[in-house]
file query_18.cif (mmCIF, C-alpha atoms and all ligand atoms)
data_data
#
loop_
_atom_site.label_atom_id
_atom_site.label_comp_id
_atom_site.auth_asym_id
_atom_site.auth_seq_id
_atom_site.Cartn_x
_atom_site.Cartn_y
_atom_site.Cartn_z
CA MET A 1 0.00 0.00 0.00
CA ARG A 2 1.58 3.34 -1.12
CA HIS A 3 -1.38 5.64 -0.39
CA LEU A 4 -4.83 5.49 1.21
CA LEU A 5 -7.19 7.23 -1.20
CA SER A 6 -10.37 5.13 -1.17
CA THR A 7 -11.87 2.21 0.71
CA GLN A 8 -12.58 0.71 -2.71
CA ASP A 9 -8.82 0.00 -2.95
CA LEU A 10 -8.83 -2.17 0.22
CA THR A 11 -9.27 -5.93 0.14
CA ARG A 12 -11.04 -7.60 3.05
CA GLU A 13 -7.64 -8.89 4.27
CA GLU A 14 -6.04 -5.42 4.10
CA ALA A 15 -8.93 -3.75 5.88
CA THR A 16 -9.03 -6.43 8.58
CA ALA A 17 -5.26 -6.13 9.10
CA LEU A 18 -5.62 -2.35 9.62
CA LEU A 19 -8.39 -2.88 12.19
CA ASP A 20 -6.29 -5.53 13.96
CA ASP A 21 -3.29 -3.18 14.06
CA ALA A 22 -5.48 -0.36 15.42
CA GLU A 23 -6.45 -2.63 18.33
CA ARG A 24 -2.78 -3.56 18.84
CA PHE A 25 -1.85 0.11 19.10
CA GLU A 26 -4.69 0.70 21.57
CA GLN A 27 -3.53 -2.23 23.71
CA ALA A 28 0.10 -1.11 23.52
CA LEU A 29 -0.82 2.32 24.89
CA THR A 30 -3.38 1.26 27.50
CA GLY A 31 -2.23 1.92 31.05
CA ARG A 32 0.96 3.73 30.01
CA GLU A 33 1.84 6.88 31.90
CA VAL A 34 3.69 8.18 28.83
CA ARG A 35 1.77 7.53 25.62
CA LYS A 36 4.72 7.51 23.26
CA LEU A 37 5.97 4.74 20.96
CA PRO A 38 9.20 5.08 18.93
CA THR A 39 7.58 3.67 15.76
CA LEU A 40 7.81 6.78 13.53
CA ARG A 41 10.82 8.52 15.10
CA GLY A 42 12.56 10.61 12.42
CA ARG A 43 9.51 10.64 10.12
CA THR A 44 7.72 13.86 9.16
CA VAL A 45 3.96 13.85 8.72
CA MET A 46 2.08 16.91 7.45
CA THR A 47 -1.67 17.54 7.63
CA VAL A 48 -2.87 19.80 4.80
CA PHE A 49 -6.45 20.91 5.33
CA TYR A 50 -8.39 23.06 2.85
CA GLU A 51 -11.65 22.49 4.77
CA ASN A 52 -12.49 22.76 8.46
CA SER A 53 -12.01 19.78 10.74
CA THR A 54 -11.88 18.95 14.42
CA ARG A 55 -11.83 15.13 14.71
CA THR A 56 -9.80 14.12 11.68
CA ARG A 57 -7.05 16.72 11.94
CA VAL A 58 -6.63 16.39 15.70
CA SER A 59 -6.67 12.58 15.70
CA PHE A 60 -4.08 12.38 12.92
CA GLU A 61 -1.91 14.79 14.93
CA VAL A 62 -2.34 12.74 18.12
CA ALA A 63 -1.67 9.51 16.21
CA GLY A 64 1.55 10.88 14.72
CA LYS A 65 2.75 12.31 18.04
CA TRP A 66 1.99 9.09 19.95
CA MET A 67 4.22 7.33 17.38
CA SER A 68 7.01 9.97 17.79
CA ALA A 69 6.66 11.43 14.29
CA ASP A 70 7.28 15.12 13.72
CA VAL A 71 3.81 16.43 12.89
CA ILE A 72 3.34 19.72 11.00
CA ASN A 73 -0.15 21.17 10.50
CA VAL A 74 -0.79 23.30 7.41
CA SER A 75 -4.14 25.01 7.04
CA ALA A 76 -5.06 26.68 3.77
CA SER A 77 -6.31 29.79 5.58
CA SER A 78 -2.93 30.55 7.18
CA SER A 79 -0.61 29.34 4.40
CA SER A 80 0.52 30.87 1.09
CA VAL A 81 -2.66 29.45 -0.47
CA GLY A 82 -4.14 32.75 0.69
CA LYS A 83 -1.64 34.56 -1.57
CA GLY A 84 -2.81 32.56 -4.56
CA GLU A 85 -0.40 29.60 -4.54
CA SER A 86 -1.78 26.60 -6.42
CA LEU A 87 -2.52 23.21 -4.85
CA ARG A 88 0.21 21.64 -7.02
CA ASP A 89 2.86 24.13 -5.93
CA THR A 90 1.76 23.86 -2.30
CA VAL A 91 2.06 20.06 -2.07
CA LYS A 92 5.32 19.94 -4.06
CA THR A 93 6.69 22.57 -1.64
CA LEU A 94 5.66 20.47 1.37
CA HIS A 95 7.25 17.39 -0.20
CA ALA A 96 10.47 19.34 -0.84
CA ALA A 97 10.37 20.51 2.79
CA GLY A 98 10.58 16.89 3.94
CA ALA A 99 7.10 15.38 4.19
CA ASP A 100 7.09 11.58 4.37
CA ALA A 101 3.28 11.64 4.43
CA LEU A 102 0.73 14.25 3.40
CA ILE A 103 -2.71 13.94 5.00
CA VAL A 104 -5.03 15.93 2.77
CA ARG A 105 -8.55 17.31 3.14
CA HIS A 106 -9.84 19.23 0.12
CA PRO A 107 -13.27 20.29 -1.21
CA ALA A 108 -12.54 18.84 -4.66
CA SER A 109 -13.35 15.16 -5.15
CA GLY A 110 -10.21 13.45 -6.45
CA ALA A 111 -7.71 16.02 -5.11
CA PRO A 112 -5.70 13.46 -3.04
CA ALA A 113 -5.35 11.15 -6.06
CA GLN A 114 -4.14 14.09 -8.14
CA ILE A 115 -1.64 14.99 -5.40
CA ALA A 116 -0.34 11.41 -5.33
CA ASP A 117 0.29 11.71 -9.06
CA TRP A 118 2.02 15.11 -8.77
CA THR A 119 4.33 14.05 -5.92
CA THR A 120 5.42 10.62 -7.23
CA ASP A 121 8.68 10.74 -9.20
CA SER A 122 9.68 8.60 -12.18
CA ASP A 123 11.10 5.92 -9.83
CA GLY A 124 7.73 5.63 -8.09
CA GLU A 125 9.06 7.42 -4.99
CA GLY A 126 7.25 10.17 -3.11
CA PRO A 127 5.32 10.86 0.07
CA ALA A 128 2.43 8.66 1.16
CA ILE A 129 -0.86 10.46 0.50
CA ILE A 130 -3.76 9.90 2.88
CA ASN A 131 -7.22 11.09 1.90
CA ALA A 132 -8.70 12.87 4.94
CA GLY A 133 -11.90 13.72 3.05
CA ASP A 134 -12.21 14.91 -0.57
CA GLY A 135 -15.38 16.72 -1.54
CA THR A 136 -18.33 14.35 -1.72
CA HIS A 137 -16.10 11.44 -2.73
CA GLU A 138 -14.40 9.51 0.12
CA HIS A 139 -13.21 9.64 3.74
CA PRO A 140 -11.50 6.25 4.12
CA THR A 141 -10.09 6.60 7.65
CA GLN A 142 -13.58 7.59 8.89
CA ALA A 143 -14.98 4.36 7.43
CA LEU A 144 -12.16 2.33 9.02
CA LEU A 145 -12.83 3.80 12.46
CA ASP A 146 -16.56 3.21 11.98
CA ALA A 147 -15.86 -0.42 11.03
CA LEU A 148 -13.65 -0.85 14.11
CA THR A 149 -16.37 0.59 16.35
CA LEU A 150 -18.96 -1.74 14.81
CA ARG A 151 -16.66 -4.75 15.18
CA GLN A 152 -16.07 -3.96 18.84
CA ARG A 153 -19.80 -3.54 19.54
CA LEU A 154 -21.24 -6.27 17.29
CA GLY A 155 -18.41 -8.76 16.69
CA SER A 156 -17.98 -9.93 13.09
CA LEU A 157 -19.68 -7.74 10.47
CA ASP A 158 -20.60 -10.78 8.34
CA GLY A 159 -24.33 -10.66 7.64
CA ARG A 160 -24.90 -7.60 9.83
CA ARG A 161 -27.46 -5.13 8.47
CA ILE A 162 -26.37 -1.51 8.69
CA ALA A 163 -28.49 1.50 7.71
CA ILE A 164 -26.77 4.69 6.55
CA VAL A 165 -29.33 7.46 6.88
CA GLY A 166 -29.78 10.95 5.48
CA ASP A 167 -27.79 13.28 3.24
CA VAL A 168 -26.04 10.58 1.22
CA VAL A 169 -25.47 12.71 -1.88
CA HIS A 170 -23.08 15.07 -0.10
CA SER A 171 -21.50 12.42 2.15
CA ARG A 172 -18.00 11.08 1.57
CA VAL A 173 -18.54 9.11 4.79
CA ALA A 174 -21.50 7.25 3.23
CA ARG A 175 -19.60 6.23 0.09
CA SER A 176 -16.50 5.06 2.00
CA ASN A 177 -18.63 3.12 4.48
CA ALA A 178 -20.89 1.56 1.84
CA HIS A 179 -17.87 0.03 0.15
CA LEU A 180 -15.85 -0.89 3.25
CA LEU A 181 -18.73 -2.38 5.25
CA SER A 182 -19.77 -4.39 2.22
CA THR A 183 -16.16 -5.62 1.76
CA LEU A 184 -16.25 -6.73 5.41
CA GLY A 185 -19.41 -8.77 4.83
CA ALA A 186 -22.19 -6.44 6.01
CA GLU A 187 -25.45 -5.67 4.18
CA VAL A 188 -25.78 -1.90 3.78
CA VAL A 189 -29.10 -0.12 3.26
CA LEU A 190 -29.15 3.59 2.41
CA VAL A 191 -32.19 5.37 3.85
CA ALA A 192 -32.77 8.80 2.29
CA PRO A 193 -35.21 10.91 0.29
CA PRO A 194 -34.60 10.57 -3.48
CA THR A 195 -33.34 14.17 -3.56
CA LEU A 196 -30.43 13.27 -1.27
CA LEU A 197 -29.25 10.16 -3.14
CA PRO A 198 -26.36 10.44 -5.62
CA ALA A 199 -26.58 9.65 -9.31
CA GLY A 200 -24.98 6.25 -9.84
CA VAL A 201 -26.04 4.87 -6.45
CA GLY A 202 -27.25 1.79 -8.35
CA GLU A 203 -23.57 0.85 -8.75
CA TRP A 204 -22.92 0.94 -4.99
CA PRO A 205 -23.04 -2.40 -3.09
CA VAL A 206 -26.22 -1.37 -1.22
CA THR A 207 -29.99 -1.45 -1.23
CA VAL A 208 -32.03 1.75 -0.95
CA SER A 209 -35.09 2.65 1.14
CA GLY A 210 -37.11 5.79 1.76
CA ASN A 211 -38.79 4.53 4.93
CA LEU A 212 -36.71 4.81 8.10
CA ASP A 213 -39.43 3.42 10.39
CA ALA A 214 -39.66 0.25 8.30
CA GLU A 215 -35.89 -0.35 8.41
CA LEU A 216 -35.08 0.31 12.07
CA PRO A 217 -36.40 -2.91 13.69
CA ALA A 218 -34.27 -5.09 11.38
CA VAL A 219 -30.88 -3.31 11.55
CA ASP A 220 -27.86 -4.03 13.77
CA ALA A 221 -26.60 -0.47 13.44
CA VAL A 222 -27.79 2.86 12.18
CA MET A 223 -25.33 5.50 10.98
CA MET A 224 -26.81 9.00 10.95
CA LEU A 225 -25.26 11.48 8.49
CA ARG A 226 -24.91 15.21 9.04
CA VAL A 227 -27.05 17.38 6.79
CA GLN A 228 -24.35 19.28 4.87
CA ALA A 229 -26.01 22.64 4.33
CA GLU A 230 -22.67 24.14 3.26
CA ARG A 231 -22.76 21.99 0.10
CA MET A 232 -26.39 22.84 -0.78
CA ASN A 233 -26.01 26.39 -2.16
CA GLY A 234 -28.75 27.63 0.16
CA GLY A 235 -31.33 25.13 -1.14
CA PHE A 236 -32.63 22.22 0.91
CA PHE A 237 -35.39 19.83 -0.08
CA PRO A 238 -37.17 18.42 1.77
CA SER A 239 -37.28 21.35 4.19
CA ALA A 240 -35.24 21.09 7.38
CA ARG A 241 -38.39 20.51 9.42
CA GLU A 242 -39.76 17.83 7.10
CA TYR A 243 -36.34 16.17 6.93
CA SER A 244 -36.10 16.02 10.69
CA VAL A 245 -39.58 14.53 11.01
CA ARG A 246 -39.06 11.88 8.30
CA PHE A 247 -35.37 11.03 8.70
CA GLY A 248 -34.30 12.26 12.14
CA LEU A 249 -33.43 9.66 14.79
CA ASN A 250 -35.60 10.71 17.73
CA ASP A 251 -36.49 8.93 20.99
CA ARG A 252 -39.50 7.16 19.42
CA ARG A 253 -37.33 5.74 16.67
CA LEU A 254 -34.51 4.81 19.06
CA ALA A 255 -36.99 2.57 20.87
CA MET A 256 -37.67 0.71 17.60
CA LEU A 257 -34.10 -0.62 17.50
CA SER A 258 -33.24 -4.06 18.84
CA ASP A 259 -31.57 -4.26 22.27
CA ASP A 260 -28.05 -4.77 20.84
CA ALA A 261 -28.28 -2.31 17.96
CA VAL A 262 -26.01 0.75 18.02
CA VAL A 263 -26.14 4.31 16.69
CA LEU A 264 -23.16 5.87 14.92
CA HIS A 265 -22.56 9.45 13.83
CA PRO A 266 -19.27 10.62 12.26
CA GLY A 267 -19.63 14.10 13.72
CA PRO A 268 -19.99 16.97 13.81
CA MET A 269 -23.60 16.33 14.89
CA LEU A 270 -26.52 18.66 14.29
CA ARG A 271 -28.53 17.79 17.40
CA GLY A 272 -32.23 18.30 16.81
CA MET A 273 -31.82 17.85 13.04
CA GLU A 274 -30.61 14.36 12.07
CA ILE A 275 -30.18 13.11 15.65
CA GLY A 276 -32.10 13.89 18.84
CA TRP A 277 -30.34 15.48 21.81
CA SER A 278 -30.93 12.51 24.11
CA VAL A 279 -30.31 9.95 21.35
CA ALA A 280 -26.80 11.34 20.85
CA ASP A 281 -26.07 10.77 24.55
CA SER A 282 -27.80 7.38 24.88
CA PRO A 283 -25.86 4.17 25.71
CA LYS A 284 -26.52 2.99 22.15
CA ALA A 285 -24.63 5.95 20.69
CA THR A 286 -20.96 5.30 19.87
CA VAL A 287 -19.96 8.85 18.93
CA LEU A 288 -17.05 9.24 21.36
CA GLU A 289 -15.93 5.61 20.89
CA GLN A 290 -15.65 6.45 17.20
CA VAL A 291 -13.42 9.43 18.02
CA ARG A 292 -11.16 7.32 20.27
CA ASN A 293 -10.95 4.58 17.65
CA GLY A 294 -10.04 7.24 15.10
CA VAL A 295 -6.69 7.82 16.80
CA HIS A 296 -5.79 4.11 16.77
CA VAL A 297 -6.99 3.55 13.20
CA ARG A 298 -4.89 6.50 12.02
CA MET A 299 -1.88 5.08 13.88
CA ALA A 300 -2.43 1.82 11.99
CA VAL A 301 -2.69 3.61 8.65
CA LEU A 302 0.47 5.68 9.26
CA PHE A 303 2.29 2.51 10.34
CA ARG A 304 1.19 0.60 7.26
CA LEU A 305 2.17 3.38 4.85
CA LEU A 306 5.42 4.52 6.46
CA VAL A 307 6.83 1.34 8.03
CA GLY A 308 5.58 -1.47 5.83
CA SER A 309 3.12 -4.21 5.19
CA ASP A 310 3.98 -6.47 8.13
CA SER A 311 1.65 -6.43 11.11
CA ALA A 312 2.41 -3.88 13.82
CA GLY A 313 2.33 -6.82 16.25
CA ALA A 314 6.01 -7.63 15.76
CA GLN A 315 7.00 -4.10 16.78
CA LEU A 316 4.79 -3.67 19.84
N1 LIG B 401 -15.94 13.10 11.00
C1 LIG B 401 -15.15 14.11 10.57
O1 LIG B 401 -14.53 14.07 9.51
O2 LIG B 401 -15.11 15.17 11.44
P1 LIG B 401 -14.23 16.47 11.23
O3 LIG B 401 -14.81 17.23 10.06
O4 LIG B 401 -14.36 17.23 12.53
O5 LIG B 401 -12.83 16.05 10.94
#
call {"tool": "encode", "arguments": {"input": "query_18.cif", "output": "structure tokens"}}
result
Amino acid sequence: MRHLLSTQDLTREEATALLDDAERFEQALTGREVRKLPTLRGRTVMTVFYENSTRTRVSFEVAGKWMSADVINVSASSSSVGKGESLRDTVKTLHAAGADALIVRHPASGAPAQIADWTTDSDGEGPAIINAGDGTHEHPTQALLDALTLRQRLGSLDGRRIAIVGDVVHSRVARSNAHLLSTLGAEVVLVAPPTLLPAGVGEWPVTVSGNLDAELPAVDAVMMLRVQAERMNGGFFPSAREYSVRFGLNDRRLAMLSDDAVVLHPGPMLRGMEIGWSVADSPKATVLEQVRNGVHVRMAVLFRLLVGSDSAGAQL
């Protein structure tokens, strides 16, 4: 693995190995007074974010620091991007400055793949590129941390039924999860109004429903998506109120889930819109477990890309 651009590039074995390594890193750090492993000493990791982030940027920084990498954070708003520098010149500059890995969030779908192309030389050498969310395309490390959370709560994902609910058309989380969860053996159902489904959804490994109430009793997990108003150019159909009534996970709907079913949300949450205030804090909700797992999954990804394909187990 040279880069992590899409969950569609991961085999079941590769994805499972990353989840196993994430758990190894968690175990290796549990109970330590000093959470520091020497694994990436001497390596330089740069986060390059052209869109806002709390969870992804911070957890990549924590992951790198817990593995002793030098971590540099570059945000478009405070860099020379503001003076008009192009994306190509920016990433080639960061590579020249010593980046072993570039962790990229960008509003354009496909930007990380383009960066991988620009920064790979004729010998196939260059920094590892990690997609930290590109437009409406993919967010692979989010899907990996979601899969780890589901595995810890449900056991094997084989045959598990997982509903992904809401604003699918704007969601890179939905696409990455649809492919990864399917690769790991789950049945994925997208629950959304037709206006919030992407063109080409028929090629995804999923079924589609418009009736949340009908789906809830039969699912093992429900993943609520944030309504991404910033990608809607001011328009929103159905209306926010109608959306919340038809597709919001409220207390009545929470009670329709089976005893063992869980509720995921990638964050940031819009409480009162796609998820109820008390639902977000209920024992079924895994929101903060997902954040914690995000650090360990990102450690596993950095290890795999910067150290090699062997399991982290031998080093821990
Ligand atoms: N889930 C997620 O990507 O959150 P951030 O936008 O805060 O990174």
call {"tool": "residues_near_ligand", "arguments": {"input": "query_18.cif", "ligand": "ligand LIG 401 (chain B)", "cutoff": "8 Å", "atoms": "all atoms listed in the file", "output": "compact mmCIF listing (two decimals) with C-alpha atoms, in the frame of the given file"}}
result
# COMPACT_ATOMS: atom_id res chain seq x y z
CA ASN A 52 -12.49 22.76 8.46
CA SER A 53 -12.01 19.78 10.74
CA THR A 54 -11.88 18.95 14.42
CA ARG A 55 -11.83 15.13 14.71
CA THR A 56 -9.80 14.12 11.68
CA ARG A 57 -7.05 16.72 11.94
CA VAL A 58 -6.63 16.39 15.70
CA ALA A 132 -8.70 12.87 4.94
CA GLY A 133 -11.90 13.72 3.05
CA HIS A 139 -13.21 9.64 3.74
CA GLN A 142 -13.58 7.59 8.89
CA VAL A 173 -18.54 9.11 4.79
CA PRO A 266 -19.27 10.62 12.26
CA GLY A 267 -19.63 14.10 13.72
CA PRO A 268 -19.99 16.97 13.81
call {"tool": "residues_around", "arguments": {"input": "query_18.cif", "residues": "stretch 31-44 of chain A", "least_positions_apart": "3", "cutoff": "9 Å", "atoms": "all atoms listed in the file", "output": "list of chain:residue names"}}
result
A:Gln27, A:Ala28, A:Gly64, A:Lys65, A:Trp66, A:Met67, A:Ser68, A:Ala69, A:Asp70, A:Val71, A:Ile72, A:Gly98, A:Ala99, A:Asp100, A:Ala101, A:Leu302, A:Phe303, A:Leu306, A:Val307, A:Gln315, A:Leu316
call {"tool": "residues_around", "arguments": {"input": "query_18.cif", "residues": "A:Ala108", "least_positions_apart": "2", "cutoff": "7 Å", "atoms": "all atoms listed in the file", "output": "PDB file with C-alpha atoms, keeping the file's coordinate frame"}}
result
ATOM      1  CA  HIS A 106      -9.840  19.230   0.120  1.00  0.00           C
ATOM      2  CA  GLY A 110     -10.210  13.450  -6.450  1.00  0.00           C
ATOM      3  CA  ALA A 111      -7.710  16.020  -5.110  1.00  0.00           C
ATOM      4  CA  ASP A 134     -12.210  14.910  -0.570  1.00  0.00           C
ATOM      5  CA  GLY A 135     -15.380  16.720  -1.540  1.00  0.00           C
TER       6      GLY A 135
END
call {"tool": "atom_distance", "arguments": {"input": "query_18.cif", "atom1": "atom CA of A:Thr30", "atom2": "atom CA of A:Ala15"}}
result
22.9 Å
call {"tool": "axis_aligned_box", "arguments": {"input": "query_18.cif", "around": "stretch 51-69 of chain A", "padding_each_side": "4 Å", "output": "lines of an AutoDock Vina configuration file"}}
result
center_x = -2.7
center_y = 15.0
center_z = 12.4
size_x = 27.5
size_y = 23.4
size_z = 23.2
call {"tool": "atom_distance", "arguments": {"input": "query_18.cif", "atom1": "atom CA of A:Arg292", "atom2": "atom CA of A:Glu215"}}
result
28.5 Å
call {"tool": "residues_around", "arguments": {"input": "query_18.cif", "residues": "A:Leu216", "least_positions_apart": "3", "cutoff": "12 Å", "atoms": "all atoms listed in the file", "output": "PyMOL selection string"}}
result
chain A and resi 161-165+189-191+209-213+219-223+247-250+252-259+261-263
call {"tool": "closest_residue", "arguments": {"input": "query_18.cif", "among": "A:His3, A:Lys92, A:Arg153, A:His265", "to": "A:Val287", "atoms": "all atoms listed in the file"}}
result
A:His265
call {"tool": "closest_residue", "arguments": {"input": "query_18.cif", "among": "A:Ala147, A:Leu264, A:Met269, A:Leu29", "to": "A:Ala285", "atoms": "all atoms listed in the file"}}
result
A:Leu264
call {"tool": "closest_residue", "arguments": {"input": "query_18.cif", "among": "A:Met232, A:Glu23, A:Leu102, A:Val208", "to": "A:Gly126", "atoms": "all atoms listed in the file"}}
result
A:Leu102
call {"tool": "residues_around", "arguments": {"input": "query_18.cif", "residues": "A:Ser78", "least_positions_apart": "6", "cutoff": "12 Å", "atoms": "only C-alpha atoms", "output": "PDB file with C-alpha atoms, in the frame of the given file"}}
result
ATOM      1  CA  VAL A  48      -2.870  19.800   4.800  1.00  0.00           C
ATOM      2  CA  PHE A  49      -6.450  20.910   5.330  1.00  0.00           C
ATOM      3  CA  TYR A  50      -8.390  23.060   2.850  1.00  0.00           C
ATOM      4  CA  GLY A  84      -2.810  32.560  -4.560  1.00  0.00           C
TER       5      GLY A  84
END
call {"tool": "atom_distance", "arguments": {"input": "query_18.cif", "atom1": "atom CA of A:Tyr243", "atom2": "atom CA of A:Ser176"}}
result
23.3 Å
call {"tool": "residues_around", "arguments": {"input": "query_18.cif", "residues": "A:Gly294", "least_positions_apart": "2", "cutoff": "10 Å", "atoms": "all atoms listed in the file", "output": "list in words"}}
result
Ala22, Arg55, Thr56, Val58, Ser59, Phe60, Val62, Ala63, Thr141, Gln142, Ala143, Leu144, Leu145, Asp146, Leu148, Thr149, Leu288, Glu289, Gln290, Val291, Arg292, His296, Val297, Arg298, Met299 and Ala300 of chain A
call {"tool": "closest_residue", "arguments": {"input": "query_18.cif", "among": "A:Ala240, A:Val188, A:Leu5, A:Leu154", "to": "A:Pro112", "atoms": "all atoms listed in the file"}}
result
A:Leu5
call {"tool": "closest_residue", "arguments": {"input": "query_18.cif", "among": "A:Arg2, A:His137, A:Arg88, A:Arg246", "to": "A:Pro193", "atoms": "all atoms listed in the file"}}
result
A:Arg246
call {"tool": "closest_residue", "arguments": {"input": "query_18.cif", "among": "A:Ala192, A:Ala17, A:Leu4, A:Ala76", "to": "A:Ala312", "atoms": "only C-alpha atoms"}}
result
A:Ala17
call {"tool": "build_atoms", "arguments": {"input": "query_18.cif", "residues": "stretch 216-229 of chain A", "atoms": "N, CA and C atoms", "output": "CSV table (one decimal), keeping the file's coordinate frame"}}
result
chain,number,residue,atom,x,y,z
A,216,LEU,N,-35.7,0.3,10.8
A,216,LEU,CA,-35.1,0.3,12.1
A,216,LEU,C,-35.2,-1.0,12.8
A,217,PRO,N,-36.3,-1.7,12.9
A,217,PRO,CA,-36.4,-2.9,13.7
A,217,PRO,C,-35.5,-4.0,13.2
A,218,ALA,N,-35.0,-4.0,11.9
A,218,ALA,CA,-34.3,-5.1,11.4
A,218,ALA,C,-32.8,-4.8,11.3
A,219,VAL,N,-32.3,-3.6,11.7
A,219,VAL,CA,-30.9,-3.3,11.6
A,219,VAL,C,-30.1,-3.6,12.8
A,220,ASP,N,-28.8,-3.9,12.6
A,220,ASP,CA,-27.9,-4.0,13.8
A,220,ASP,C,-27.2,-2.7,14.1
A,221,ALA,N,-27.2,-1.8,13.2
A,221,ALA,CA,-26.6,-0.5,13.4
A,221,ALA,C,-27.2,0.5,12.5
A,222,VAL,N,-27.3,1.8,13.0
A,222,VAL,CA,-27.8,2.9,12.2
A,222,VAL,C,-26.8,4.0,12.2
A,223,MET,N,-26.3,4.4,11.1
A,223,MET,CA,-25.3,5.5,11.0
A,223,MET,C,-26.0,6.8,10.5
A,224,MET,N,-26.1,7.8,11.3
A,224,MET,CA,-26.8,9.0,11.0
A,224,MET,C,-25.8,9.9,10.3
A,225,LEU,N,-26.1,10.6,9.2
A,225,LEU,CA,-25.3,11.5,8.5
A,225,LEU,C,-25.6,12.9,8.8
A,226,ARG,N,-24.6,13.8,8.9
A,226,ARG,CA,-24.9,15.2,9.0
A,226,ARG,C,-25.5,15.8,7.8
A,227,VAL,N,-26.5,16.6,7.9
A,227,VAL,CA,-27.0,17.4,6.8
A,227,VAL,C,-26.0,18.5,6.4
A,228,GLN,N,-25.5,18.4,5.2
A,228,GLN,CA,-24.4,19.3,4.9
A,228,GLN,C,-24.8,20.5,4.1
A,229,ALA,N,-25.4,21.4,4.9
A,229,ALA,CA,-26.0,22.6,4.3
A,229,ALA,C,-25.0,23.4,3.5
